[in-house]
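So this one's structure_10.cif, mmCIF, C-alpha atoms:
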```cif
data_coords
#
loop_
_atom_site.label_atom_id
_atom_site.label_comp_id
_atom_site.auth_asym_id
_atom_site.auth_seq_id
_atom_site.Cartn_x
_atom_site.Cartn_y
_atom_site.Cartn_z
CA MET I 632 88.02 98.16 109.31
CA THR I 633 88.47 98.75 105.60
CA THR I 634 84.68 98.87 105.20
CA ILE I 635 84.37 101.51 107.94
CA LYS I 636 87.13 103.51 106.29
CA SER I 637 85.40 103.18 102.93
CA ILE I 638 82.03 104.31 104.35
CA MET I 639 83.63 107.28 106.12
CA ARG I 640 85.40 108.26 102.91
CA ARG I 641 82.07 108.17 101.05
CA LEU I 642 80.28 110.19 103.72
CA CYS I 643 83.03 112.81 103.72
CA ALA I 644 83.08 112.98 99.91
CA PRO I 645 80.42 115.75 99.48
CA VAL I 646 82.64 118.34 101.14
CA ARG I 647 85.45 117.44 98.76
CA GLY I 648 83.75 118.32 95.45
CA ALA I 649 86.21 120.97 94.25
CA ALA I 650 89.13 118.93 95.59
CA ALA I 651 87.89 115.94 93.62
CA VAL I 652 88.04 117.95 90.39
CA ARG I 653 91.56 119.07 91.20
CA GLU I 654 92.52 115.45 91.84
CA ILE I 655 91.23 114.42 88.40
CA GLU I 656 93.36 117.11 86.77
CA ASP I 657 96.43 116.11 88.79
CA GLU I 658 95.99 112.47 87.91
CA LEU I 659 95.55 113.02 84.16
CA ARG I 660 98.46 115.47 84.06
CA PHE I 661 100.68 112.98 85.86
CA HIS I 662 99.89 110.34 83.25
CA ILE I 663 100.76 112.60 80.30
CA GLU I 664 103.95 113.78 81.96
CA MET I 665 105.06 110.21 82.66
CA ARG I 666 104.46 109.21 79.04
CA ALA I 667 106.34 112.29 77.77
CA SER I 668 109.28 111.50 80.06
CA ASP I 669 109.41 107.89 78.86
CA ASN I 670 109.24 109.07 75.26
CA ILE I 671 112.25 111.31 75.83
CA ALA I 672 114.06 108.40 77.44
CA ALA I 673 113.34 106.46 74.25
CA GLY I 674 115.06 109.20 72.22
CA MET I 675 112.21 111.47 71.10
CA SER I 676 112.60 115.24 70.95
CA PRO I 677 110.68 117.04 73.73
CA GLU I 678 108.10 118.37 71.25
CA ASP I 679 107.51 114.94 69.74
CA ALA I 680 107.43 113.36 73.19
CA VAL I 681 104.64 115.64 74.37
CA ALA I 682 102.73 115.36 71.09
CA ASP I 683 102.92 111.56 71.23
CA ALA I 684 101.85 111.53 74.89
CA MET I 685 98.82 113.66 74.06
CA ARG I 686 97.96 111.53 71.03
CA ARG I 687 98.17 108.29 72.98
CA PHE I 688 96.05 109.73 75.74
CA GLY I 689 93.19 110.57 73.38
CA ASP I 690 90.62 113.28 73.93
CA LEU I 691 91.76 114.87 77.19
CA GLU I 692 88.72 117.16 77.48
CA HIS I 693 86.32 114.30 76.98
CA VAL I 694 88.10 112.05 79.48
CA ARG I 695 88.11 114.82 82.06
CA ALA I 696 84.40 115.51 81.52
CA VAL I 697 83.50 111.81 81.86
CA CYS I 698 85.58 111.45 85.04
CA GLU I 699 83.90 114.52 86.53
CA GLU I 700 80.48 113.17 85.65
CA ILE I 701 81.26 109.87 87.39
CA LYS I 702 82.41 111.76 90.48
CA ARG I 703 79.28 113.93 90.38
CA GLU I 704 77.04 110.87 90.21
CA ARG I 705 78.90 109.41 93.15
CA LEU I 706 78.51 112.58 95.21
CA ALA I 707 74.80 112.69 94.41
CA GLY I 708 74.46 109.09 95.62
CA VAL I 709 76.34 109.85 98.82
CA MET I 710 74.16 112.91 99.46
CA LYS I 711 71.03 110.80 99.06
CA MET I 712 72.41 108.23 101.48
CA ALA I 713 73.30 110.97 103.99
CA LYS I 714 69.77 112.41 103.83
CA GLY I 715 68.30 108.96 104.41
CA LEU I 716 70.54 108.48 107.44
CA ILE I 717 69.47 111.84 108.83
CA TRP I 718 65.81 110.84 108.70
CA ILE I 719 66.58 107.54 110.44
CA MET I 720 68.56 109.33 113.16
CA LEU I 721 65.80 111.88 113.59
CA GLY I 722 63.15 109.15 113.88
CA CYS I 723 65.18 107.17 116.42
CA GLY I 724 66.01 110.33 118.35
CA LEU I 725 62.37 111.46 118.57
CA THR I 726 61.19 107.98 119.57
CA LEU I 727 63.76 107.78 122.35
CA LYS I 728 63.13 111.34 123.54
CA LEU I 729 59.35 110.92 123.73
CA ALA I 730 58.95 107.27 124.71
CA ALA I 731 62.03 106.25 126.71
CA GLN I 732 61.49 105.64 130.42
CA VAL I 733 65.12 106.09 131.39
CA ASP I 734 66.76 109.53 131.49
CA ALA I 735 69.93 108.26 129.88
CA MET I 736 67.98 106.98 126.87
CA ARG I 737 66.13 110.29 126.53
CA LEU I 738 69.53 111.99 126.54
CA VAL I 739 70.70 109.70 123.73
CA GLY I 740 67.52 110.64 121.81
CA HIS I 741 68.22 114.33 122.35
CA PHE I 742 71.79 113.83 121.15
CA LEU I 743 70.64 112.02 117.98
CA ILE I 744 68.19 114.81 117.15
CA MET I 745 70.91 117.42 117.59
CA ILE I 746 73.35 115.52 115.37
CA ALA I 747 70.68 114.98 112.69
CA ALA I 748 69.71 118.66 112.72
CA LEU I 749 73.32 119.80 112.52
CA TRP I 750 74.09 117.40 109.70
CA ARG I 751 71.01 118.52 107.74
CA LEU I 752 72.03 122.15 108.24
CA LEU I 753 75.52 121.43 106.88
CA ILE I 754 74.05 119.72 103.81
CA HIS I 755 71.64 122.62 103.30
CA LEU I 756 74.49 125.16 103.50
CA ARG I 757 76.51 123.14 101.05
CA GLU I 758 73.61 122.95 98.61
CA MET I 759 73.22 126.73 98.78
CA GLN I 760 76.81 127.23 97.64
CA PRO I 761 77.38 127.69 93.89
CA ASP I 762 78.78 124.65 92.14
CA THR I 763 82.48 125.40 92.32
CA ARG I 764 83.30 122.61 89.90
CA ARG I 765 81.19 124.16 87.16
CA ILE I 766 82.72 127.57 87.81
CA MET I 767 86.24 126.13 87.70
CA ALA I 768 85.48 124.32 84.46
CA ALA I 769 84.04 127.47 82.89
CA GLU I 770 86.85 129.75 83.98
CA GLN I 771 89.85 127.56 83.38
CA PRO I 772 91.15 125.34 80.61
CA ALA I 773 91.46 121.61 81.42
CA LEU I 774 94.93 122.04 82.79
CA SER I 775 95.93 125.34 84.24
CA VAL I 776 98.53 127.50 82.50
CA THR I 777 100.62 127.49 85.63
CA HIS I 778 101.21 123.76 85.41
CA THR I 779 104.08 122.54 83.31
CA ILE I 780 105.23 119.24 81.95
CA ASP I 781 108.71 118.72 83.31
CA LEU I 782 110.74 117.12 80.59
CA SER I 783 113.83 116.77 82.71
CA VAL I 784 112.46 113.91 84.80
CA GLY I 785 114.99 111.16 85.20
CA GLY I 786 117.83 113.34 83.96
CA LEU I 787 117.07 112.39 80.38
CA MET I 788 117.54 115.82 78.92
CA GLU I 789 120.66 117.93 78.72
CA ASN I 790 121.95 119.17 82.05
CA THR I 791 119.61 122.14 82.14
CA PRO I 792 116.07 121.09 82.99
CA ARG I 793 113.43 122.25 80.48
CA SER I 794 109.76 122.65 80.98
CA VAL I 795 107.00 122.75 78.40
CA PRO I 796 103.75 124.41 79.50
CA ALA I 797 100.79 122.01 79.41
CA TYR I 798 98.65 124.94 78.27
CA ASP I 799 99.78 128.33 77.07
CA LYS I 800 98.07 131.63 77.82
CA ASP I 801 95.58 131.04 74.99
CA GLY I 802 94.60 127.69 76.46
CA ARG I 803 96.25 125.69 73.64
CA THR I 804 97.73 122.26 74.27
CA PRO I 805 101.32 121.50 73.15
CA VAL I 806 99.91 119.63 70.15
CA GLU I 807 97.76 122.57 69.14
CA ARG I 808 100.75 124.87 69.53
CA LEU I 809 102.88 122.62 67.29
CA ILE I 810 100.20 122.50 64.59
CA SER I 811 99.67 126.23 64.80
CA ASP I 812 103.43 126.94 64.59
CA GLU I 813 103.79 124.62 61.61
CA ASN I 814 100.91 126.31 59.80
CA SER I 815 102.22 129.79 60.46
CA GLY I 816 105.81 128.77 59.66
CA MET V 1248 96.13 94.47 55.63
CA ALA V 1249 96.31 92.70 58.96
CA GLN V 1250 96.48 94.98 61.94
CA SER V 1251 99.29 94.11 64.32
CA LYS V 1252 97.87 96.27 67.07
CA GLN V 1253 94.26 95.81 67.98
CA ASN V 1254 91.82 97.77 69.97
CA LEU V 1255 90.67 96.32 73.25
CA ILE V 1256 87.45 94.38 72.96
CA GLN V 1257 84.61 96.30 74.54
CA GLY V 1258 83.92 95.24 78.11
CA THR V 1259 87.23 93.54 78.75
CA LEU V 1260 89.06 96.62 79.93
CA ALA V 1261 87.67 96.34 83.45
CA MET V 1262 88.82 92.73 83.69
CA LEU V 1263 92.30 93.61 82.44
CA ILE V 1264 92.58 96.46 84.94
CA LEU V 1265 91.52 94.20 87.80
CA ARG V 1266 94.03 91.57 86.66
CA SER V 1267 96.81 94.16 86.48
CA LEU V 1268 96.12 95.15 90.06
CA ALA V 1269 96.10 91.57 91.34
CA ARG V 1270 99.82 91.72 92.17
CA GLY V 1271 99.68 95.02 94.02
CA PRO V 1272 98.80 98.73 93.82
CA LEU V 1273 99.61 100.61 90.60
CA HIS V 1274 98.93 104.08 89.27
CA GLY V 1275 97.07 104.62 86.00
CA TYR V 1276 100.15 104.92 83.81
CA GLU V 1277 101.60 101.71 85.24
CA ILE V 1278 98.30 99.91 84.60
CA ALA V 1279 98.39 100.97 80.92
CA GLN V 1280 101.97 99.77 80.64
CA ARG V 1281 101.27 96.51 82.47
CA ILE V 1282 98.42 95.65 80.08
CA GLN V 1283 100.51 96.46 77.04
CA GLN V 1284 103.58 94.58 78.25
CA SER V 1285 101.67 91.53 79.47
CA SER V 1286 100.00 91.22 76.08
CA GLU V 1287 103.38 91.66 74.36
CA ASP V 1288 102.18 94.87 72.72
CA VAL V 1289 99.13 93.23 71.13
CA LEU V 1290 96.65 95.08 73.36
CA LYS V 1291 97.05 98.82 73.42
CA VAL V 1292 94.78 100.81 75.67
CA GLU V 1293 93.83 104.28 74.53
CA GLU V 1294 95.34 105.66 77.68
CA GLY V 1295 92.68 108.24 78.45
CA SER V 1296 89.95 105.61 78.41
CA LEU V 1297 91.58 103.94 81.38
CA TYR V 1298 90.49 106.65 83.81
CA PRO V 1299 86.72 106.54 83.36
CA ALA V 1300 87.03 102.75 83.67
CA LEU V 1301 89.05 103.11 86.88
CA TYR V 1302 86.55 105.59 88.33
CA ARG V 1303 83.70 103.21 87.55
CA LEU V 1304 85.55 100.36 89.23
CA GLU V 1305 86.11 102.57 92.26
CA GLU V 1306 82.43 103.48 92.26
CA GLN V 1307 81.52 99.79 92.25
CA GLY V 1308 83.84 99.19 95.18
CA TRP V 1309 86.15 96.86 93.24
CA VAL V 1310 89.20 99.10 93.56
CA GLU V 1311 90.30 101.66 96.11
CA ALA V 1312 92.47 104.68 95.39
CA GLU V 1313 95.01 106.42 97.52
CA TRP V 1314 97.52 109.17 96.77
CA GLY V 1315 101.16 108.28 97.29
CA ALA V 1316 104.66 108.93 95.99
CA SER V 1317 105.63 107.48 92.62
CA GLU V 1318 108.98 105.86 91.76
CA ASN V 1319 110.33 109.29 90.74
CA ASN V 1320 109.00 110.78 93.95
CA ARG V 1321 106.00 112.54 92.44
CA ARG V 1322 102.46 112.57 93.78
CA ALA V 1323 100.48 109.80 92.10
CA LYS V 1324 97.14 108.13 92.65
CA TYR V 1325 97.52 104.43 93.33
CA TYR V 1326 94.74 101.91 92.83
CA LYS V 1327 94.46 98.61 94.63
CA LEU V 1328 92.04 95.70 94.48
CA THR V 1329 89.46 95.37 97.23
CA ARG V 1330 88.17 92.03 98.46
CA ALA V 1331 85.05 92.52 96.30
CA GLY V 1332 87.35 93.33 93.38
CA ARG V 1333 89.20 90.03 93.79
CA LYS V 1334 85.92 88.15 93.74
CA GLN V 1335 84.80 90.07 90.66
CA LEU V 1336 88.08 89.30 88.93
CA ALA V 1337 87.56 85.58 89.58
CA VAL V 1338 84.02 85.77 88.17
CA GLU V 1339 85.06 87.74 85.09
CA THR V 1340 88.05 85.50 84.41
CA SER V 1341 85.85 82.42 84.62
CA ASN V 1342 83.26 83.99 82.28
CA TRP V 1343 85.96 84.97 79.84
CA GLU V 1344 87.47 81.46 79.81
CA ARG V 1345 84.08 79.90 79.14
CA LEU V 1346 83.40 82.38 76.35
CA SER V 1347 86.78 81.89 74.66
CA GLU V 1348 86.47 78.11 74.93
CA ALA V 1349 83.03 78.27 73.33
CA ILE V 1350 84.30 80.46 70.49
CA ALA V 1351 87.28 78.15 69.97
CA LYS V 1352 84.92 75.17 69.68
CA VAL V 1353 82.79 76.98 67.10
CA LEU V 1354 85.88 77.90 65.08
CA GLN V 1355 87.15 74.32 65.14
CA THR V 1356 83.87 72.76 64.05
CA ALA V 1357 82.45 75.36 61.69
#
```
Would you mind giving the structure from this file in structure tokens?
Amino acid sequence: MTTIKSIMRRLCAPVRGAAAVREIEDELRFHIEMRASDNIAAGMSPEDAVADAMRRFGDLEHVRAVCEEIKRERLAGVMKMAKGLIWIMLGCGLTLKLAAQVDAMRLVGHFLIMIAALWRLLIHLREMQPDTRRIMAAEQPALSVTHTIDLSVGGLMENTPRSVPAYDKDGRTPVERLISDENSG
Amino acid sequence: MAQSKQNLIQGTLAMLILRSLARGPLHGYEIAQRIQQSSEDVLKVEEGSLYPALYRLEEQGWVEAEWGASENNRRAKYYKLTRAGRKQLAVETSNWERLSEAIAKVLQTA
């Protein structure tokens, strides 16, 4: 059952390209926010907590790019597998349609050809679409400005919850902002 | 000066991740913490490097990922070992034990 679920997940993966990129961002952001929250619990100031979380994480841009590349390779593999399956279905369908002696079998052949054609059309339409992942990456910083690191998690801060933007309007990380502020100050 | 905290030896990260997941599903941050705590702070993963490794393990079919709610009720991606992952963990653990035994022997005799 798990294997069937796993195969279905892989076959459905190509239509989830942009969603997969969003998932990577969500996952990495979650990690940094958790580390920052734990740092605050350990007594760090919010600024230090975020800076330490970013430092421990390493090169966020690089990690994100590598994760996206792995996903892209996976999607390419799935697409290849899907195209192979289409040819097999088409071959079986044609054989049944042309050579079967029983009407029911010819009907199955007809059905297989229809499914294969429809599937191929869907893949073709998808391939014609621009690569939304590339566009997203080009237009947006790694983590969108609208997302914030909530430093109030676990009630560790003063009563009023505070949020620190993961990226400001110039696309700078909290660490870059701190360095920039120190230099200008 | 002796370094108290050491980088993970190349190639062992996958084995440590698989071992961390042997007791049940964890999200990436928990995996990093589990490795660090289990090694009593000797092994420190550069946390970002965990994710490409996890994605590769998922690609190989050794772990499966599913989104769920974290302990503080936030959306988190949980990883769990697959049957193939358990087998791989057994193989890698056995390889590692043989290797460390061999190195120990060399160190004792050399």
inquiry  = Report as a list in words all protein, DNA and RNA residues lying within 9 Å of Ile746 (chain I), evaluated on all atoms listed in the file, omitting residues in the same chain fewer than 5 positions from it.
reply    =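 The neighbour list is Ile717, Met720, Leu721, His741 and Arg751 of chain I.
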Distance table requested - chain V against chain I, cut-off 12 Å, all atoms listed in the file: one row per qualifying residue with the closest atom pair and its distance in Å to one decimal, ordered by chain and rising residue number, as a Markdown table.
```
| residue | atom | partner | partner_atom | distance |
| --- | --- | --- | --- | --- |
| V:His1274 | CA | I:His662 | CA | 8.7 |
| V:Gly1275 | CA | I:His662 | CA | 6.9 |
| V:Tyr1276 | CA | I:His662 | CA | 5.5 |
| V:Glu1277 | CA | I:His662 | CA | 9.0 |
| V:Ile1278 | CA | I:His662 | CA | 10.6 |
| V:Ala1279 | CA | I:His662 | CA | 9.8 |
| V:Gln1280 | CA | I:Arg666 | CA | 9.9 |
| V:Lys1291 | CA | I:Arg687 | CA | 9.5 |
| V:Val1292 | CA | I:Arg687 | CA | 8.6 |
| V:Glu1293 | CA | I:Phe688 | CA | 6.0 |
| V:Glu1294 | CA | I:Phe688 | CA | 4.6 |
| V:Gly1295 | CA | I:Phe688 | CA | 4.6 |
| V:Ser1296 | CA | I:Val694 | CA | 6.8 |
| V:Leu1297 | CA | I:Val694 | CA | 9.0 |
| V:Tyr1298 | CA | I:Cys698 | CA | 7.0 |
| V:Pro1299 | CA | I:Cys698 | CA | 5.3 |
| V:Ala1300 | CA | I:Cys698 | CA | 8.9 |
| V:Leu1301 | CA | I:Cys698 | CA | 9.2 |
| V:Tyr1302 | CA | I:Cys698 | CA | 6.8 |
| V:Arg1303 | CA | I:Ile701 | CA | 7.1 |
| V:Leu1304 | CA | I:Ile701 | CA | 10.6 |
| V:Glu1305 | CA | I:Arg705 | CA | 10.0 |
| V:Glu1306 | CA | I:Arg705 | CA | 7.0 |
| V:Gln1307 | CA | I:Arg705 | CA | 10.0 |
| V:Gly1308 | CA | I:Ser637 | CA | 8.9 |
| V:Trp1309 | CA | I:Ser637 | CA | 11.6 |
| V:Val1310 | CA | I:Ser637 | CA | 10.9 |
| V:Glu1311 | CA | I:Ser637 | CA | 8.5 |
| V:Ala1312 | CA | I:Ser637 | CA | 10.4 |
| V:Glu1313 | CA | I:Glu654 | CA | 11.0 |
| V:Trp1314 | CA | I:Glu654 | CA | 9.4 |
| V:Gly1315 | CA | I:Glu658 | CA | 11.5 |
| V:Ala1316 | CA | I:Phe661 | CA | 11.6 |
| V:Ser1317 | CA | I:Phe661 | CA | 10.0 |
| V:Glu1318 | CA | I:Gly785 | CA | 10.4 |
| V:Asn1319 | CA | I:Gly785 | CA | 7.5 |
| V:Asn1320 | CA | I:Val784 | CA | 10.3 |
| V:Arg1321 | CA | I:Phe661 | CA | 8.5 |
| V:Arg1322 | CA | I:Phe661 | CA | 8.1 |
| V:Ala1323 | CA | I:Glu658 | CA | 6.7 |
| V:Lys1324 | CA | I:Glu658 | CA | 6.5 |
| V:Tyr1325 | CA | I:Glu658 | CA | 9.8 |
| V:Tyr1326 | CA | I:Glu658 | CA | 11.7 |
| V:Thr1329 | CA | I:Thr633 | CA | 9.1 |
| V:Arg1330 | CA | I:Thr633 | CA | 9.8 |
| V:Ala1331 | CA | I:Thr634 | CA | 10.9 |
```
task = Record the distance separating CA of Ala748 (chain I) and CA of Leu716 (chain I), expressed in Å with one decimal.
result =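 The value is 11.5 Å.
Relative to CA of Met710 (chain I), CA of Met745 (chain I) is found at 19.0 Å.
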Picked residues, the PyMOL selection byres ((chain V and resi 1263) around 10), as a VMD selection string = chain V and resid 1255 1258 to 1262 1264 to 1269 1278 to 1279 1281 to 1282 1336 1339 to 1340
task = Fewer than 6 positions away in the same chain doesn't count, so skip those; otherwise give me all residues within 7 Å of region 722-724 of chain I, counting all atoms listed in the file, as a ChimeraX atom specification.
result = /I:740-741,743-744
query = So which residues get picked by the PyMOL selection byres ((chain I and resi 670) around 10) here, written as a VMD selection string?
reply = chain I and resid 664 to 669 671 to 677 679 to 684 782 787
task = Can you work out the spacing between CA of Lys1334 (chain V) and CA of Glu1348 (chain V) in Å, to one decimal?
result =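 Computing it gives 21.3 Å between the two atoms.
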